[in-house]
$ cat coords_39.txt   # compact mmCIF, C-alpha atoms
# COMPACT_ATOMS: atom_id res chain seq x y z
CA MET A 1 65.32 107.49 114.78
CA LYS A 2 68.61 107.00 112.96
CA LEU A 3 68.43 110.55 111.60
CA ILE A 4 67.67 111.94 115.07
CA ARG A 5 70.54 109.97 116.54
CA ARG A 6 72.93 111.17 113.82
CA LYS A 7 71.90 114.78 114.39
CA ALA A 8 72.40 114.30 118.12
CA LEU A 9 75.86 112.90 117.50
CA ALA A 10 76.62 115.80 115.20
CA LEU A 11 75.55 118.28 117.86
CA PHE A 12 77.67 116.51 120.46
CA ALA A 13 80.67 116.52 118.12
CA GLY A 14 80.08 120.19 117.41
CA LEU A 15 80.05 121.02 121.10
CA ALA A 16 83.27 119.09 121.53
CA ALA A 17 84.79 120.92 118.59
CA ALA A 18 83.75 124.21 120.13
CA ALA A 19 86.45 123.59 122.71
CA ALA A 20 88.29 125.69 120.21
CA LEU A 21 91.93 125.99 119.49
CA PRO A 22 92.30 129.77 119.78
CA PHE A 23 95.67 131.04 118.80
CA GLY A 24 96.85 134.60 119.01
CA GLY A 25 99.74 136.98 119.14
CA MET A 26 102.08 135.19 116.76
CA ALA A 27 101.59 137.35 113.69
CA GLN A 28 102.34 141.03 113.32
CA ALA A 29 98.70 141.91 112.70
CA ALA A 30 99.47 145.43 111.47
CA ASP A 31 101.45 143.93 108.59
CA MET A 32 98.54 141.84 107.31
CA PRO A 33 95.57 142.98 105.22
CA ALA A 34 92.03 143.02 106.58
CA PRO A 35 90.51 141.04 108.15
CA LEU A 36 93.78 139.48 109.33
CA ASP A 37 94.90 142.82 110.73
CA ASN A 38 92.61 141.82 113.60
CA PRO A 39 93.23 138.05 113.52
CA GLY A 40 91.68 137.23 116.89
CA GLU A 41 88.30 138.06 115.38
CA VAL A 42 88.80 135.68 112.45
CA LYS A 43 87.41 132.17 112.88
CA ILE A 44 88.26 129.26 110.58
CA ALA A 45 87.18 125.63 110.71
CA LEU A 46 88.85 122.39 109.69
CA VAL A 47 86.23 119.76 108.85
CA ARG A 48 87.85 116.33 108.65
CA TYR A 49 86.74 113.04 107.14
CA LEU A 50 89.92 111.02 107.74
CA SER A 51 91.97 111.40 110.90
CA THR A 52 93.43 107.99 111.70
CA GLY A 53 97.14 107.58 111.04
CA ASP A 54 100.36 109.54 111.23
CA PHE A 55 99.73 111.45 107.98
CA PHE A 56 96.55 113.02 109.28
CA GLN A 57 98.03 113.86 112.67
CA ALA A 58 100.91 115.63 110.93
CA TYR A 59 98.48 117.42 108.60
CA LEU A 60 96.51 118.65 111.62
CA SER A 61 99.75 119.81 113.23
CA GLY A 62 100.53 121.88 110.12
CA VAL A 63 97.05 123.42 110.10
CA GLU A 64 97.40 124.31 113.79
CA SER A 65 100.89 125.78 113.46
CA GLN A 66 99.98 128.00 110.47
CA ALA A 67 96.78 129.13 112.19
CA LYS A 68 98.85 130.02 115.24
CA ALA A 69 101.32 131.98 113.10
CA LEU A 70 98.42 133.97 111.64
CA GLY A 71 96.79 134.42 115.03
CA VAL A 72 93.35 133.19 113.95
CA ASP A 73 90.80 131.16 115.92
CA LEU A 74 90.79 127.56 114.65
CA ARG A 75 87.95 125.11 115.27
CA VAL A 76 88.48 121.42 114.45
CA PHE A 77 85.59 119.10 113.53
CA ASP A 78 86.34 115.38 113.16
CA SER A 79 83.69 113.16 111.55
CA ARG A 80 85.79 109.97 111.84
CA GLN A 81 84.83 108.76 108.37
CA ASP A 82 81.10 109.37 108.81
CA ALA A 83 80.16 111.08 105.54
CA ALA A 84 76.76 112.31 106.73
CA LEU A 85 78.26 113.65 109.95
CA GLN A 86 80.94 115.50 108.00
CA ALA A 87 78.26 117.29 105.99
CA ASP A 88 76.44 118.14 109.24
CA MET A 89 79.68 119.54 110.63
CA VAL A 90 80.00 121.93 107.70
CA ASP A 91 76.54 123.21 108.65
CA GLN A 92 77.68 123.52 112.27
CA ALA A 93 80.65 125.60 111.17
CA ILE A 94 78.34 127.82 109.12
CA ALA A 95 76.09 128.26 112.18
CA LEU A 96 79.11 129.23 114.28
CA GLY A 97 79.74 132.10 111.89
CA VAL A 98 83.21 131.06 110.77
CA ASP A 99 84.95 133.14 108.12
CA GLY A 100 86.62 130.23 106.36
CA ILE A 101 86.43 126.44 106.13
CA ILE A 102 88.99 123.80 105.15
CA ILE A 103 87.32 120.58 104.03
CA GLN A 104 89.79 117.74 104.49
CA HIS A 105 88.98 114.59 102.48
CA GLY A 106 85.49 113.17 102.19
CA LEU A 107 83.12 111.93 99.51
CA THR A 108 82.00 114.10 96.63
CA GLU A 109 78.36 113.06 96.93
CA SER A 110 78.14 113.99 100.60
CA MET A 111 80.27 117.15 100.54
CA LYS A 112 79.24 118.83 97.29
CA GLU A 113 76.01 120.35 98.59
CA ALA A 114 77.43 121.13 102.03
CA ALA A 115 80.34 123.01 100.48
CA GLN A 116 77.94 124.98 98.28
CA ARG A 117 75.89 125.96 101.34
CA ALA A 118 79.05 127.40 102.89
CA VAL A 119 79.84 129.37 99.73
CA GLU A 120 76.27 130.71 99.62
CA ALA A 121 76.68 131.83 103.23
CA GLY A 122 79.60 134.00 102.15
CA ILE A 123 82.23 131.75 103.73
CA LYS A 124 85.57 131.17 102.00
CA VAL A 125 86.26 127.48 101.45
CA VAL A 126 89.23 125.39 100.34
CA ALA A 127 89.20 121.61 99.90
CA PHE A 128 92.09 119.23 100.48
CA ASP A 129 91.92 115.91 98.64
CA VAL A 130 88.17 115.99 98.08
CA ASN A 131 86.52 117.07 94.85
CA VAL A 132 83.49 119.16 95.77
CA GLU A 133 82.91 120.14 92.11
CA ASN A 134 82.76 123.85 92.85
CA GLU A 135 84.67 126.49 90.87
CA ALA A 136 84.59 128.85 93.86
CA ILE A 137 86.58 126.38 95.98
CA PRO A 138 90.33 125.91 95.36
CA GLN A 139 91.62 122.34 95.48
CA ILE A 140 94.68 121.73 97.65
CA GLU A 141 96.53 118.74 96.19
CA GLN A 142 99.71 116.75 96.60
CA SER A 143 99.68 116.00 92.88
CA ASP A 144 98.32 112.58 93.74
CA TYR A 145 98.68 111.37 90.17
CA LEU A 146 102.40 112.13 90.37
CA LEU A 147 102.67 110.40 93.75
CA GLY A 148 101.36 107.24 92.14
CA LYS A 149 103.38 107.63 88.95
CA LEU A 150 106.73 108.17 90.72
CA ALA A 151 106.16 105.19 93.01
CA LEU A 152 105.34 102.95 90.04
CA GLU A 153 108.34 104.20 88.06
CA GLN A 154 110.52 103.13 90.97
CA ALA A 155 108.75 99.75 91.08
CA ILE A 156 109.59 99.26 87.39
CA LYS A 157 113.16 100.39 87.96
CA ASP A 158 113.55 97.83 90.74
CA ASN A 159 111.58 94.94 89.26
CA GLY A 160 111.46 95.35 85.48
CA THR A 161 108.24 95.32 83.46
CA GLU A 162 106.96 91.81 84.12
CA TRP A 163 105.51 91.02 87.55
CA LYS A 164 102.36 89.95 89.35
CA ALA A 165 100.97 92.70 91.56
CA GLY A 166 98.71 93.12 94.51
CA TYR A 167 96.92 96.47 94.50
CA VAL A 168 95.27 98.30 97.39
CA TYR A 169 92.49 100.69 96.38
CA VAL A 170 89.27 102.14 97.76
CA PRO A 171 87.32 103.98 95.04
CA GLY A 172 85.47 107.23 95.66
CA ILE A 173 88.26 108.93 97.61
CA ALA A 174 89.68 111.72 95.43
CA PRO A 175 93.42 111.21 96.13
CA LEU A 176 93.14 107.44 95.72
CA ASP A 177 91.19 107.90 92.48
CA ARG A 178 93.95 110.14 91.09
CA ARG A 179 96.63 107.62 92.11
CA HIS A 180 94.50 104.89 90.52
CA LYS A 181 94.74 106.70 87.20
CA ALA A 182 98.54 106.33 87.31
CA TRP A 183 98.16 102.61 88.06
CA GLU A 184 95.84 102.07 85.09
CA GLU A 185 98.20 103.95 82.77
CA VAL A 186 101.25 101.98 83.90
CA LYS A 187 99.45 98.66 83.42
CA ALA A 188 98.28 99.71 79.95
CA ALA A 189 101.82 100.69 78.95
CA ASN A 190 103.35 97.51 80.41
CA PRO A 191 101.29 94.39 79.59
CA GLY A 192 103.75 92.28 81.57
CA ILE A 193 102.54 93.92 84.78
CA VAL A 194 99.51 91.89 85.84
CA GLU A 195 97.13 92.85 88.64
CA ALA A 196 96.67 89.50 90.38
CA ALA A 197 94.43 90.86 93.14
CA GLN A 198 92.82 94.07 94.31
CA MET A 199 91.90 94.74 97.93
CA GLY A 200 91.45 97.66 100.28
CA THR A 201 89.39 99.11 103.12
CA LEU A 202 89.24 102.30 105.16
CA ASP A 203 87.75 100.55 108.17
CA ASN A 204 89.50 101.50 111.42
CA PRO A 205 92.17 100.64 112.36
CA ILE A 206 93.10 100.99 108.71
CA ALA A 207 96.49 99.24 108.81
CA ASN A 208 95.19 96.20 110.70
CA SER A 209 92.06 95.95 108.56
CA ASN A 210 94.18 95.90 105.41
CA ALA A 211 96.59 93.41 106.96
CA ASN A 212 93.66 91.01 107.33
CA GLN A 213 92.83 91.36 103.63
CA ALA A 214 96.47 91.13 102.54
CA ARG A 215 96.90 87.82 104.38
CA SER A 216 94.16 86.28 102.24
CA VAL A 217 95.49 87.86 99.05
CA LEU A 218 99.00 86.49 99.62
CA GLN A 219 97.69 83.01 100.43
CA ALA A 220 95.57 82.95 97.27
CA ASN A 221 98.26 84.51 95.05
CA PRO A 222 101.71 83.22 96.03
CA ASP A 223 103.18 84.55 92.78
CA ILE A 224 102.69 88.22 93.78
CA THR A 225 106.08 89.94 93.98
CA VAL A 226 105.03 93.62 94.09
CA PHE A 227 102.36 95.41 96.10
CA PHE A 228 101.24 98.88 95.06
CA ALA A 229 99.70 100.35 98.22
CA PRO A 230 99.38 104.09 97.51
CA TYR A 231 98.60 105.24 101.06
CA ASP A 232 100.95 104.59 103.95
CA GLU A 233 98.30 103.00 106.20
CA PHE A 234 97.65 100.55 103.34
CA ALA A 235 101.38 99.86 103.09
CA LYS A 236 101.64 99.25 106.84
CA GLY A 237 98.89 96.67 106.59
CA VAL A 238 100.50 94.89 103.65
CA LYS A 239 103.85 94.89 105.45
CA ILE A 240 102.28 93.23 108.50
CA ALA A 241 100.94 90.44 106.29
CA VAL A 242 104.20 90.07 104.33
CA ASP A 243 106.22 89.88 107.56
CA GLU A 244 103.90 87.28 109.06
CA ALA A 245 104.08 85.17 105.90
CA GLY A 246 107.89 85.28 105.89
CA LEU A 247 107.93 86.87 102.43
CA THR A 248 110.15 89.88 103.12
CA GLN A 249 112.69 88.66 100.55
CA ASP A 250 110.02 87.88 97.94
CA VAL A 251 107.66 90.88 97.93
CA LYS A 252 108.35 94.60 97.56
CA ILE A 253 105.93 97.33 98.62
CA TYR A 254 105.58 100.75 96.96
CA SER A 255 103.45 103.42 98.57
CA ALA A 256 102.55 107.07 98.98
CA ASP A 257 102.87 109.33 102.06
CA VAL A 258 105.43 109.14 104.85
CA SER A 259 105.81 109.53 108.61
CA THR A 260 108.42 108.78 111.27
CA ALA A 261 106.74 105.42 111.87
CA ASP A 262 106.91 104.70 108.12
CA ILE A 263 110.61 105.54 108.04
CA SER A 264 111.23 103.12 110.88
CA ALA A 265 109.25 100.40 109.11
CA MET A 266 111.10 100.96 105.82
CA ARG A 267 114.46 100.71 107.59
CA GLU A 268 113.80 97.47 109.43
CA PRO A 269 116.23 94.67 108.42
CA ASP A 270 115.00 93.02 105.21
CA SER A 271 111.96 95.31 105.10
CA ALA A 272 109.71 94.71 102.08
CA TRP A 273 108.78 98.41 101.97
CA ALA A 274 111.06 99.59 99.17
CA ALA A 275 109.91 103.14 98.41
CA THR A 276 107.29 105.77 98.98
CA VAL A 277 106.48 109.12 97.37
CA ALA A 278 105.35 111.90 99.64
CA THR A 279 104.89 115.48 100.53
CA ASN A 280 105.38 116.62 104.10
CA PRO A 281 101.83 116.39 105.50
CA ALA A 282 102.53 119.20 107.96
CA VAL A 283 103.55 121.43 105.04
CA VAL A 284 100.34 120.49 103.20
CA GLY A 285 98.39 121.53 106.29
CA GLU A 286 100.22 124.86 106.35
CA VAL A 287 99.52 125.41 102.65
CA SER A 288 95.82 124.70 103.22
CA VAL A 289 95.60 127.47 105.83
CA ARG A 290 97.69 129.88 103.77
CA SER A 291 95.44 129.36 100.75
CA LEU A 292 92.40 130.10 102.89
CA ALA A 293 94.10 133.19 104.35
CA ILE A 294 94.76 134.53 100.86
CA MET A 295 91.06 134.13 100.04
CA LEU A 296 90.00 135.82 103.28
CA THR A 297 92.03 138.89 102.30
CA GLY A 298 90.48 139.06 98.84
CA GLY A 299 93.23 137.21 96.97
CA ASP A 300 93.14 134.15 94.74
CA PRO A 301 95.45 131.22 95.47
CA GLY A 302 94.43 129.57 92.19
CA ALA A 303 91.95 126.85 91.30
CA GLN A 304 94.53 124.17 92.10
CA VAL A 305 97.18 124.61 94.76
CA VAL A 306 99.70 121.81 94.22
CA VAL A 307 102.37 120.77 96.71
CA PRO A 308 105.05 118.83 94.76
CA PRO A 309 105.94 115.31 96.01
CA THR A 310 109.33 113.68 96.54
CA LEU A 311 110.49 110.09 95.94
CA ILE A 312 111.89 108.47 99.11
CA THR A 313 113.60 105.10 98.77
CA GLN A 314 114.68 102.64 101.40
CA ASP A 315 118.22 102.90 100.07
CA PHE A 316 118.24 106.69 100.54
CA LEU A 317 116.95 106.40 104.11
CA ASN A 318 119.66 103.88 104.98
CA GLU A 319 122.44 105.78 103.18
CA LYS A 320 121.64 109.02 105.02
CA ASP A 321 120.78 107.24 108.30
CA ILE A 322 117.41 109.00 108.40
CA LYS A 323 115.45 108.11 111.54
CA ASN A 324 112.55 110.56 111.57
CA MET A 325 110.76 113.36 109.73
CA ASP A 326 113.22 115.97 111.02
CA ASP A 327 116.13 114.02 109.54
CA LEU A 328 114.22 113.67 106.27
CA SER A 329 113.58 117.42 106.10
CA ALA A 330 117.24 118.15 106.84
CA ASN A 331 118.37 115.89 104.00
CA MET A 332 115.61 116.93 101.57
CA PRO A 333 115.08 120.69 101.65
CA GLN A 334 112.30 120.35 99.07
CA PHE A 335 110.43 118.22 101.61
CA ALA A 336 110.79 120.68 104.50
CA HIS A 337 109.00 123.62 102.88
CA ALA A 338 106.84 124.31 99.86
CA ASP A 339 106.99 127.80 98.41
CA VAL A 340 103.28 127.54 97.63
CA ALA A 341 100.42 129.90 98.56
CA MET A 342 102.86 132.54 99.76
CA THR A 343 102.57 136.32 99.95
CA GLU A 344 104.88 139.04 101.19
CA TRP A 345 102.76 139.51 104.30
CA MET A 346 102.26 135.82 105.11
CA PRO A 347 103.79 134.84 108.49
CA LEU A 348 105.22 131.32 108.68
CA PRO A 349 105.39 128.96 111.65
CA PRO A 350 108.76 128.84 113.42
CA ARG A 351 111.11 126.14 112.17

$ encode --input "coords_39.txt" --output "C-alpha cells"
Amino acid sequence: MKLIRRKALALFAGLAAAAALPFGGMAQAADMPAPLDNPGEVKIALVRYLSTGDFFQAYLSGVESQAKALGVDLRVFDSRQDAALQADMVDQAIALGVDGIIIQHGLTESMKEAAQRAVEAGIKVVAFDVNVENEAIPQIEQSDYLLGKLALEQAIKDNGTEWKAGYVYVPGIAPLDRRHKAWEEVKAANPGIVEAAQMGTLDNPIANSNANQARSVLQANPDITVFFAPYDEFAKGVKIAVDEAGLTQDVKIYSADVSTADISAMREPDSAWAATVATNPAVVGEVSVRSLAIMLTGGDPGAQVVVPPTLITQDFLNEKDIKNMDDLSANMPQFAHADVAMTEWMPLPPR
C-alpha cells in the first residue's frame, strides 16, 4: 500500500509539474546550433530534492531565467526531500520525452540508478550538488570544499586556533560532505579547535528544526564560542538559538551560502553571524542550464563545472551598507556573474 500511495503521489506531483513553465522568444534561435535553433521544441526538466529556503528559490529563479533566455520549455519537479519520489520524478521526466534533465541535490543511493536510466534513454543530464557516480553526467559545483575552507579560515582569523566549536552537519548530502572534509582537515591541523558537539537536520522548516537542536547544544556546552554551520538555513537556526540564549557577544557563526534574508540577519546589531562564503545561487542555476544546453548541442562542458565562491564578512556588509543581493552583486562583480559554461552563441538573461 505504501508503494501504491507513493506512486500515486508521484503521479500527482508529475501532473502538477506538467503545468509547465514554457518560455519562448528570448533567444535569437537562428544564432544557436541545433536543436536550440528551434528552442520551443526543446524540453528540459529540473528535478529537485531540496527546495526550502532562500538559496533554493534563487537557484530556481536562475534556472528559469536562463531557460527563458534560451527559449526552451522548462518543467519543474519538486520532491520536497522525498528521495524515492525524486527518483520517480526522473522517470516521469523520461516518460514526458524531455531532451535534458537537471538533477538538483538528492542522495546518491536513490539517484544513481534513476540518472543512469535517463542516460540510457538518450537524455542529456547534469547534476548539481549530488554525486550520481556517472561519467556521462557533468557535476555542477560551487567548490563546496572551498566554501567550507574559506569560512573556517575566517573563523581562525577572527578567533585564533583554540576554541570549542558546535558543528552542524547532515551526512549523505554531497555538498555537505565536501564541506565536512574541510572541517576535518582544519581540526586535524589545529588540535586546539575542539568539536564540542555535532548536530543537524534537514527536517522542514530547516531553520526552526536546527534552532531546536542548537538550544540543547548551547545549554549542554556553555563553553562553545564558534559555530560552523555550512549551510545558511543551518546558520539561521543557530542564530535563533544564540539570540534567545542572549549569547550574541559570546558566540560567532560561520556559514556557507547567502541571500537577502541572510544579509539582513548578519547586519542586525550585535549579530553573531560573522561571515559566510557563497556563490550567487541564481548564477549557479544559470550555469546549470547553460551546461545542459552545451550538451544538447553536442558540446562538452567538462566533467566538473565549478562556480567559484566568495567570502562575505559582516564587516564588509556593514562597511558597504549592503542591504540585499543586488547591492552585493554591485559591490562584488565576481558574485554577479560567473564566466562558466559559456559559448559564443549562448544568450544570457537580462541584467

$ closest_residue --input "coords_39.txt" --among "A:Ser209, A:Ser264, A:Gln66, A:Thr276" --to "Met342 of chain A" --atoms "all atoms listed in the file"
A:Gln66

$ closest_residue --input "coords_39.txt" --among "A:Val251, A:Ile263, A:Ile102, A:Ala69" --to "Trp345 of chain A" --atoms "all atoms listed in the file"
A:Ala69

$ closest_residue --input "coords_39.txt" --among "A:Gly122, A:Gly106, A:Pro347, A:Pro138" --to "Gly299 of chain A" --atoms "all atoms listed in the file"
A:Pro138

$ atom_distance --input "coords_39.txt" --atom1 "atom CA of Ala87 of chain A" --atom2 "atom CA of His180 of chain A"
25.6 Å

$ closest_residue --input "coords_39.txt" --among "A:Phe77, A:Leu348, A:Glu185, A:Asp54" --to "Ala261 of chain A" --atoms "only C-alpha atoms"
A:Asp54

$ atom_distance --input "coords_39.txt" --atom1 "atom CA of Met199 of chain A" --atom2 "atom CA of Val277 of chain A"
20.5 Å

$ closest_residue --input "coords_39.txt" --among "A:Ser65, A:Asn212, A:Gln57, A:Asn324" --to "Pro350 of chain A" --atoms "all atoms listed in the file"
A:Ser65

$ closest_residue --input "coords_39.txt" --among "A:Val289, A:Met111, A:Ala95, A:Ile224" --to "Leu74 of chain A" --atoms "all atoms listed in the file"
A:Val289

$ atom_distance --input "coords_39.txt" --atom1 "atom CA of Asp78 of chain A" --atom2 "atom CA of Ile140 of chain A"
18.7 Å

$ residues_around --input "coords_39.txt" --residues "Asn331 of chain A" --least-positions-apart "6" --cutoff "10 Å" --atoms "only C-alpha atoms" --output "ChimeraX atom specification"
/A:316-317,320-322,325

$ residues_near_point --input "coords_39.txt" --point "(104.3, 103.8, 96.0)" --cutoff "10 Å" --atoms "all atoms listed in the file" --output "PyMOL selection string"
chain A and resi 147-155+179+227-232+235+253-257+273-278+311-313

$ write_last_selection --input "coords_39.txt" --atoms "C-alpha atoms" --output "PDB file, keeping the file's coordinate frame"
ATOM      1  CA  LEU A 147     102.670 110.400  93.750  1.00  0.00           C
ATOM      2  CA  GLY A 148     101.360 107.240  92.140  1.00  0.00           C
ATOM      3  CA  LYS A 149     103.380 107.630  88.950  1.00  0.00           C
ATOM      4  CA  LEU A 150     106.730 108.170  90.720  1.00  0.00           C
ATOM      5  CA  ALA A 151     106.160 105.190  93.010  1.00  0.00           C
ATOM      6  CA  LEU A 152     105.340 102.950  90.040  1.00  0.00           C
ATOM      7  CA  GLU A 153     108.340 104.200  88.060  1.00  0.00           C
ATOM      8  CA  GLN A 154     110.520 103.130  90.970  1.00  0.00           C
ATOM      9  CA  ALA A 155     108.750  99.750  91.080  1.00  0.00           C
ATOM     10  CA  ARG A 179      96.630 107.620  92.110  1.00  0.00           C
ATOM     11  CA  PHE A 227     102.360  95.410  96.100  1.00  0.00           C
ATOM     12  CA  PHE A 228     101.240  98.880  95.060  1.00  0.00           C
ATOM     13  CA  ALA A 229      99.700 100.350  98.220  1.00  0.00           C
ATOM     14  CA  PRO A 230      99.380 104.090  97.510  1.00  0.00           C
ATOM     15  CA  TYR A 231      98.600 105.240 101.060  1.00  0.00           C
ATOM     16  CA  ASP A 232     100.950 104.590 103.950  1.00  0.00           C
ATOM     17  CA  ALA A 235     101.380  99.860 103.090  1.00  0.00           C
ATOM     18  CA  ILE A 253     105.930  97.330  98.620  1.00  0.00           C
ATOM     19  CA  TYR A 254     105.580 100.750  96.960  1.00  0.00           C
ATOM     20  CA  SER A 255     103.450 103.420  98.570  1.00  0.00           C
ATOM     21  CA  ALA A 256     102.550 107.070  98.980  1.00  0.00           C
ATOM     22  CA  ASP A 257     102.870 109.330 102.060  1.00  0.00           C
ATOM     23  CA  TRP A 273     108.780  98.410 101.970  1.00  0.00           C
ATOM     24  CA  ALA A 274     111.060  99.590  99.170  1.00  0.00           C
ATOM     25  CA  ALA A 275     109.910 103.140  98.410  1.00  0.00           C
ATOM     26  CA  THR A 276     107.290 105.770  98.980  1.00  0.00           C
ATOM     27  CA  VAL A 277     106.480 109.120  97.370  1.00  0.00           C
ATOM     28  CA  ALA A 278     105.350 111.900  99.640  1.00  0.00           C
ATOM     29  CA  LEU A 311     110.490 110.090  95.940  1.00  0.00           C
ATOM     30  CA  ILE A 312     111.890 108.470  99.110  1.00  0.00           C
ATOM     31  CA  THR A 313     113.600 105.100  98.770  1.00  0.00           C
TER      32      THR A 313
END

$ residues_around --input "coords_39.txt" --residues "Arg178 of chain A" --least-positions-apart "4" --cutoff "12 Å" --atoms "all atoms listed in the file" --output "list in words"
Asp129, Val130, Asn131, Glu141, Gln142, Ser143, Asp144, Tyr145, Leu146, Leu147, Gly148, Lys149, Tyr169, Val170, Pro171, Gly172, Ile173, Ala174, Ala182, Trp183, Glu184, Glu185 and Pro230 of chain A
